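Following: one structure in structure tokens, then a few remarks.
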There are 2 protein chains.
Amino acid sequence: MATSEPRATGGDQDPNSANLRPPSTTYEYAWMHGCTRKLGMKICGFLQKNNSLEEKGRLAGQKNLLSCDNSDRDARFRRTETDFSNLFARDLLPAKNGEEPTIQFLLEVVDILTNYVKKTFDRSTKVLDFHHPHQLLEGMEGFNLELSDQPESLEQILVDCRDTLKYGVRTGHPRFFNQLSSGLDIIGLAGEWLTSTANTNMFTYEIAPVFVLMEQLTLKKMREMIGWPSGEGDGLFSPGGAISNMYSVMIARYKYFPEVKTKGMSAAPRLVLFTSEHSHYSIKKAGAALGFGTENVILLSTDERGRVIPADLEAKIIDAKQKGYVPLFVNATAGSTVYGAFDPINEIADICEKYNLWLHVDGAWGGGLLMSRKHRHKLSGIERANSVTWNPHKMMGVPLQCSAILVREKGILAGCNSMCAGYLFQPDKQYDVTYDTGDKAIQCGRHVDIFKFWLMWKAKGTIGFEQHIDKCLDLSQYLYNKIKNREGYEMVFDGVPQHTNVCFWYIPPSLRGMPHGDERREKLHRVAPKIKAMMMESGTTMVGYQPQGNKVNFFRMVVSNPAATQSDIDFLIDEIERLGHDL
Amino acid sequence: MATSEPRATGGDQDPNSANLRPPSTTYEYAWMHGCTRKLGMKICGFLQKNNSLEEKGRLAGQKNLLSCDNSDRDARFRRTETDFSNLFARDLLPAKNGEEPTIQFLLEVVDILTNYVKKTFDRSTKVLDFHHPHQLLEGMEGFNLELSDQPESLEQILVDCRDTLKYGVRTGHPRFFNQLSSGLDIIGLAGEWLTSTANTNMFTYEIAPVFVLMEQLTLKKMREMIGWPSGEGDGLFSPGGAISNMYSVMIARYKYFPEVKTKGMSAAPRLVLFTSEHSHYSIKKAGAALGFGTENVILLSTDERGRVIPADLEAKIIDAKQKGYVPLFVNATAGSTVYGAFDPINEIADICEKYNLWLHVDGAWGGGLLMSRKHRHKLSGIERANSVTWNPHKMMGVPLQCSAILVREKGILAGCNSMCAGYLFQPDKQYDVTYDTGDKAIQCGRHVDIFKFWLMWKAKGTIGFEQHIDKCLDLSQYLYNKIKNREGYEMVFDGVPQHTNVCFWYIPPSLRGMPHGDERREKLHRVAPKIKAMMMESGTTMVGYQPQGNKVNFFRMVVSNPAATQSDIDFLIDEIERLGHDL
């Protein structure tokens with residue numbers, strides 16, 4: 001239904017403000033904005049008049065912009081008070097006279113976004129303002145998610161934008177530790193804004209010349225860091241680590257059994273894949289999707305730190321061969337999801353060479369450590385891999401999505417995936433069509449994921465990524481040192497974590513004297529979920545938990561957020577103790 | 001290498017300006033900006049002084065923002081002249097005192113982007129400024145794509161942003177007709193900017209509560225438009241039509257042979273997929289990837305308009321069964337890539353019902369027509385499909401990427417793809433975890449593709465999409481009427497196109513009298529590539545060409561760009577004749 005009356009909450013104070021600061025600080029922009037929004041309807045008449053006067057003045061005043069005098073420079077960037085309640089999407093470009101409303105609308109959106117950015121880094125705001133699904137679905141103070149036949153005014157659209165951010169989660173907040181991907185990198189953000197504005201597709205050089213070259217150069221640089229000679233090889237950015245891992249299984253199969261591409265899995269013997277019991281579930285998903293079957297994804301035992309035991313790999317290879325199956329592929333994890341464990345790549349590579357198997361390294365989470373002279377030894381042997389997954393959107397703080405699949409052998413990606421679609425990849429184009437990437441991918445259209453990463457690399461340099469990574473690892477060691485002997489904590493595994501993952505149980509006072517056994521286990525299993533629930537309700541911080549194997553629910557703390565400091569680690573521990581003390 | 005001297009071309013006039021307008025128009029913002037950039041270094045000292053005075057004034061002046069007086073409102077949005085040559089990424093948030101440089105940097109980026117947006121819709125600018133890969137790699141006037149160890153100044157980063165756009169392709173330009181995805185929707189753009197700022201992940205409600213609900217509601221609305229009772233069913237947004245189509249094959253296999261998930265393809269008989277010879281190559285790619293083999297993807301014959309002949313489908317099903325194979329899946333294309341053909345879904349559905357096969361409709365390109373009361377009859381029968389691919393990023397003008405896989409049976413996506421990863425999808429969360437979407441996907445992390453689409457739907461209403469689609473189809477009919485009897489043109493197929501695809505040969509005068517035969521064919525085959533190459537060199541417009549079957553290279557015109565008008569169609573034809581006349 002068309003409406004010129006904004007029905008939502010933009011005018012109210014943001015509930016995410018944990019502390020109400022005095023109005024004289026710079027933190028109140030959005031709040032102040034809310035205020036003007038309410039006033040907006042009233043003063044619009046006046047301002048519109050002003051606007052049209054200004055407009056005339058502006059047009060008249062466009063004498064000689066070559067002079068670049070300061071008044072003109074200001075004028076071109078001035079946001080004017082615009083009455084968005086009478087404007088609709090149809091009034092924006094490409095509409096006739098759409099330029100001014102378009103710019104004003106985009107500047108208004110940017111105002112909302114920059115206010116959000118500022119608040120994201122402000123520790124006095126909450127990480128989230130939690131609501132249950134049914135609450136949001138019922139409509140929060142007029143925030144209505146339903147779609148309708150009729151357009152809404154741009155004023156309502158702006159309110160919707162504000163509300164969307166208000167009820168979301170600030171993943172860049174210094175106290176957001178919930179996922180492997182966290183933080184809000186300003187350069188990466190600018191890169192994404194530009195990418196959206198360019199709105200193109202990676203499949204051909206023809207329509208993404210600059211981005212295709214950036215991808216090529218960046219992948220080469222990544223391959224150099226892996227240690228492949230001269231950075232030779234191949235690769236692509238894919239929509240995430242799971243798809244990158246899926247690529248690795250596909251190309252391994254194509255390498256050893258190329259006829260599967262045309263004849264299907266029946267052309268191959270029973271093929272077996274190996275991966276750690278601690279590895280990411282995407283290897284199993286790939287096994288299911290690609291027609292291997294999850295039963296043919298053999299899970300490898302790990303030591304108590306979550307690292308694959310090479311002898312177990314060899315034993316399972318021998319066992320599979322004795323059963324008449326054909327071992328094809330081994331995944332070594334560089335930075336496991338829960339423990340942050342690095343499998344011993346060199347020892348695994350020895351076995352792969354001995355039995356002629358494809359070695360993939362899933363460095364989705366740990367690949368970033370290649371940027372650090374201090375920590376890259378944890379991936380030593382990675383240069384022996386046939387393929388590598390590396391997600392800059394995790395440890396390196398690049399905005400989502402940014403995942404690379406890197407392959408040592410050139411040409412095999414195209415061999416595996418090429419279908420030579422004539423309508424897209426014409427051989428008779430006027431430029432060197434080997435730059436077209438589409439036929440290497442399982443996708444057709446492919447989003448531009450490279451630019452933000454390339455821009456961040458330009459802006460930080462390799463040393464900037466290194467500093468970020470070293471700092472995150474230092475912070476997690478700070479946490480480890482803080483809690484390893486602290487009353488009420490038990491570590492899930494002993495010793496300094498290899499990555500930023502610190503896994504621990506918080507034992508509330510009521511459980512501290514209890515003898516180990518089923519009752520304690522059951523009670524302890526419920527502690528982390530309870531604390532997490534309260535944490536989300538209070539909105540002060542976020543950290544993940546999960547069980548693993550026979551271990552009951554524990555917290556998994558990870559640090560990839562560049563905004564986090566020791567004080568935020570302290571805050572997390574204080575908060576766990578505050579919320580969990582009486583459980 | 002660190003540098004405080006911007007080494008690039010930001011200061012030069014944009015070569016994309018086809019006409020040099022007098023400097024008194026509003027179109028010269030970016031150019032003017034280039035000018036100030038060069039001046040920037042000189043006047044910085046002065047302005048910096050000014051800035052600090054202003055800054056003091058601003059801080060002192062923050063008395064009572066509640067009054068919302070106009071001077072304060074202006075102040076909060078003022079872009080100040082900032083010397084970015086001494087600022088680096090490390091000076092931005094979360095750095096101490098990073099707020100002001102962060103906002104100024106983002107506003108500077110927005111200035112670049114809004115200038116680009118304005119130029120995109122300006123017909124006096126070129127669509128592209130073509131360079132060969134080696135030219136861009138060698139460095140265009142200092143635009144250096146190489147990455148280094150040391151950071152670059154923010155001034156250089158801003159120059160890199162300008163150059164990236166300068167050497168790219170304006171896919172929103174009114175004369176860009178090269179792909180099925182074109183146009184630059186301002187609401188969609190704002191939606192993407194917000195999405196990047198929120199920087200979260202669709203896999204759990206926990207960290208994407210609003211987006212997860214928007215996805216759910218939007219998918220339901222799309223299922224209603226398909227015609228499934230009460231919009232019931234399931235679905236996901238995926239990273240593109242190829243992946244959506246891959247989902248359809250996976251779930252079809254899971255429906256009939258669920259044991260393949262655990263045991264692999266060897267647990268099933270030889271399965272066969274059917275799709276049109278005109279269908280998108282992603283069905284074959286899925287066949288290769290998922291272990292069916294491309295030989296088991298049977299191509300169906302089409303009529304001269306590119307529509308599947310149902311009798312051929314039935315004959316091929318019978319043939320496959322006689323050979324002992326098991327027909328599993330039929331893809332009906334709703335809007336083929338080249339001809340824009342709609343397969344007769346109802347007749348295909350009859351056959352699928354008769355033989356108990358999964359019916360998928362690939363509406364990546366044509367799905368948008370469901371929004372049009374005038375054109376939706378072309379998809380009639382789609383309500384009988386088991387699954388549907390529908391890409392809002394094509395015909396509906398949503399920015400890339402935005403593709404939905406829609407499924408009639410609830411639960412089957414999760415059944416097919418679930419691996420129950422405990423670390424992510426904990427069953428003991430405090431909210432209703434059926435809202436978590438991650439376990440339905442083959443991805444783990446999943447980009448937020450929904451928001452821009454949801455926002456566009458809010459802003460335009462269903463009727464807005466309908467108007468856009470009707471207008472594009474009208475325009476293509478205008479083109480068809482213009483050239484069907486025009487001298488020097490031959491249509492690739494007869495009759496009014498079903499979609500916006502108009503396929504034609506341009507016959508240069510030198511070939512017009514030539515008898516039909518191999519020589520003419522060979523010569524004609526080279527015409528479209530030659531014209532396209534000249535078109536790209538001159539940068540005036542872009543349209544695709546390709547061969548199809550035994551037909552030599554022809555132009556495929558498509559209209560999905562909301563900025564296009566009849567004058568742009570006229571321009572395209574004039575340009576083809578201008579460039580092709582002497583071939």
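Here, A, B, ... name the chains of the structure tokens in the order displayed, residue numbers run from 1 inside each chain, and ligands are numbered from 1 in the same displayed order.
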> If you count only C-alpha atoms, which residues fall within 7 Å of Thr262 (chain A), apart from same-chain ones fewer than 5 positions away, as JSON, numbers by chain?
Replying inline: {"B": [288, 293, 294, 295]}
> Any idea what's packed within 6 Å of region 521-535 of chain B, counting only C-alpha atoms, ignoring anything in its chain fewer than 4 positions away? Could you give it as a VMD selection string?
Replying inline: (chain A and resid 430) or (chain B and resid 539 552 to 553 579 to 580)
Just the selected residues (all heavy atoms), exported as a CSV table (one decimal), in the first residue's frame, please.
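Saved as out27.csv:
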```csv
chain,number,residue,atom,x,y,z
A,430,GLN,N,37.8,-10.0,-30.1
A,430,GLN,CA,39.0,-9.3,-30.5
A,430,GLN,C,40.2,-9.3,-29.5
A,430,GLN,O,41.2,-8.8,-29.8
A,430,GLN,CB,38.7,-7.8,-30.9
A,430,GLN,CG,38.7,-6.8,-29.8
A,430,GLN,CD,37.4,-6.7,-29.0
A,430,GLN,OE1,36.7,-7.7,-28.8
A,430,GLN,NE2,37.1,-5.5,-28.6
B,539,GLY,N,33.4,2.2,-28.1
B,539,GLY,CA,32.8,2.3,-26.8
B,539,GLY,C,31.4,2.8,-26.7
B,539,GLY,O,31.0,3.2,-25.6
B,552,VAL,N,25.4,-19.4,-38.4
B,552,VAL,CA,26.6,-18.6,-38.2
B,552,VAL,C,26.3,-17.4,-37.2
B,552,VAL,O,25.2,-17.1,-37.0
B,552,VAL,CB,27.2,-18.2,-39.5
B,552,VAL,CG1,27.5,-19.4,-40.4
B,552,VAL,CG2,26.3,-17.2,-40.2
B,553,ASN,N,27.4,-16.8,-36.8
B,553,ASN,CA,27.3,-15.7,-35.8
B,553,ASN,C,26.2,-14.7,-36.1
B,553,ASN,O,26.1,-14.2,-37.2
B,553,ASN,CB,28.6,-14.9,-35.8
B,553,ASN,CG,29.7,-15.6,-34.9
B,553,ASN,OD1,29.4,-16.2,-33.9
B,553,ASN,ND2,31.0,-15.6,-35.4
B,579,LEU,N,29.1,1.0,-38.5
B,579,LEU,CA,30.3,0.2,-38.3
B,579,LEU,C,30.4,-0.9,-39.4
B,579,LEU,O,31.5,-1.3,-39.8
B,579,LEU,CB,30.5,-0.4,-36.9
B,579,LEU,CG,30.5,0.6,-35.8
B,579,LEU,CD1,30.3,-0.1,-34.4
B,579,LEU,CD2,31.9,1.3,-35.8
B,580,GLY,N,29.3,-1.4,-39.8
B,580,GLY,CA,29.3,-2.6,-40.6
B,580,GLY,C,29.1,-2.3,-42.1
B,580,GLY,O,29.2,-3.2,-42.9
```
> Of the candidates B:Asn356, B:Gln156, B:Gln443, B:Ser301, which one gets nearest to chain A if we count only C-alpha atoms?
Replying inline: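 Among the listed residues, B:Gln443 lies closest to chain A.
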>> I'd like to know which of B:Leu158, B:Leu455, B:Leu475, B:Ala441 is closest to Val559 (chain B), using only C-alpha atoms.
In response: B:Leu475
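For the pair CA of His447 (chain B) and CA of Asn178 (chain A), the interatomic distance is 16.8 Å.
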>> Could you check the closest approach to chain B for each of A:Leu236, A:Met395, A:Leu328, A:Met536 and tell me which residue wins, using only C-alpha atoms?
In response: A:Met536
> Where does DSSP see strand (DSSP E or B) in region 318-377 of chain B, if you list the residues as a ChimeraX atom specification?
Replying inline: /B:326-334,342,358-363
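Rounded to one decimal, CA of His581 (chain B) and CA of Gln546 (chain B) lie 19.9 Å from each other.
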>> Considering only C-alpha atoms, can you say which of A:Val407, A:Ile412, A:Val398, A:Val338 comes closest to Phe554 (chain A)?
In response: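 The answer is A:Val338, which sits nearest to Phe554 (chain A).
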> Please, which residues of region 135-186 of chain A, numbered as in this document, come out helix (DSSP H, G or I) from DSSP, as a list in words?
Replying inline: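 Written out, the helix (DSSP H, G or I) residues of region 135-186 of chain A are Gln135, Leu136, Leu137, Glu138, Leu154, Glu155, Gln156, Ile157, Leu158, Val159, Asp160, Cys161, Arg162, Asp163, Thr164, Leu165, Lys166 and Ile186 of chain A.
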> Distance CA of Ile317 (chain B)-CA of Ser336 (chain B), one decimal place?
Replying inline: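 Going from CA of Ile317 (chain B) over to CA of Ser336 (chain B) covers 22.0 Å.
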Skip Glu277 (chain B) itself and residues of its chain fewer than 6 positions away, then list as a compact mmCIF listing (two decimals) with N, CA, C and O atoms, in the first residue's frame all residues within 9 Å of it, counting only C-alpha atoms.
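Saved file out-v1.txt follows:
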```
# COMPACT_ATOMS: atom_id res chain seq x y z
N ILE B 298 20.60 -35.78 -21.77
CA ILE B 298 20.10 -35.96 -23.14
C ILE B 298 19.51 -34.63 -23.63
O ILE B 298 18.65 -34.04 -22.96
N LEU B 299 20.00 -34.18 -24.77
CA LEU B 299 19.51 -32.91 -25.31
C LEU B 299 18.27 -33.13 -26.18
O LEU B 299 18.24 -34.03 -27.03
N LEU B 300 17.29 -32.29 -25.95
CA LEU B 300 16.01 -32.43 -26.66
C LEU B 300 15.97 -31.50 -27.87
O LEU B 300 16.47 -30.37 -27.81
N SER B 301 15.36 -31.97 -28.91
CA SER B 301 15.22 -31.16 -30.13
C SER B 301 14.20 -30.06 -29.89
O SER B 301 13.27 -30.19 -29.09
N THR B 302 14.39 -28.99 -30.66
CA THR B 302 13.49 -27.84 -30.51
C THR B 302 12.88 -27.50 -31.87
O THR B 302 13.39 -27.88 -32.91
N GLY B 306 13.12 -22.48 -31.08
CA GLY B 306 13.96 -22.86 -29.94
C GLY B 306 13.20 -23.46 -28.77
O GLY B 306 13.75 -23.58 -27.68
N VAL B 308 11.32 -26.66 -26.89
CA VAL B 308 11.36 -28.13 -26.87
C VAL B 308 10.13 -28.72 -27.58
O VAL B 308 9.01 -28.23 -27.40
N GLY B 549 23.89 -23.76 -33.06
CA GLY B 549 23.70 -24.91 -33.95
C GLY B 549 24.43 -24.67 -35.26
O GLY B 549 25.61 -24.33 -35.27
```
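Take the candidates B:Leu93, B:Val159, B:Val117, B:Met542 and check each one against Gly172 (chain A) using only C-alpha atoms; the shortest distance goes to B:Leu93.
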> When distances are computed from only C-alpha atoms, which of A:Ile243, A:Met225, A:Ile283, A:Ala320 shows the smallest separation from chain B?
Replying inline: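 For chain B, the nearest of the given residues is A:Ile243.
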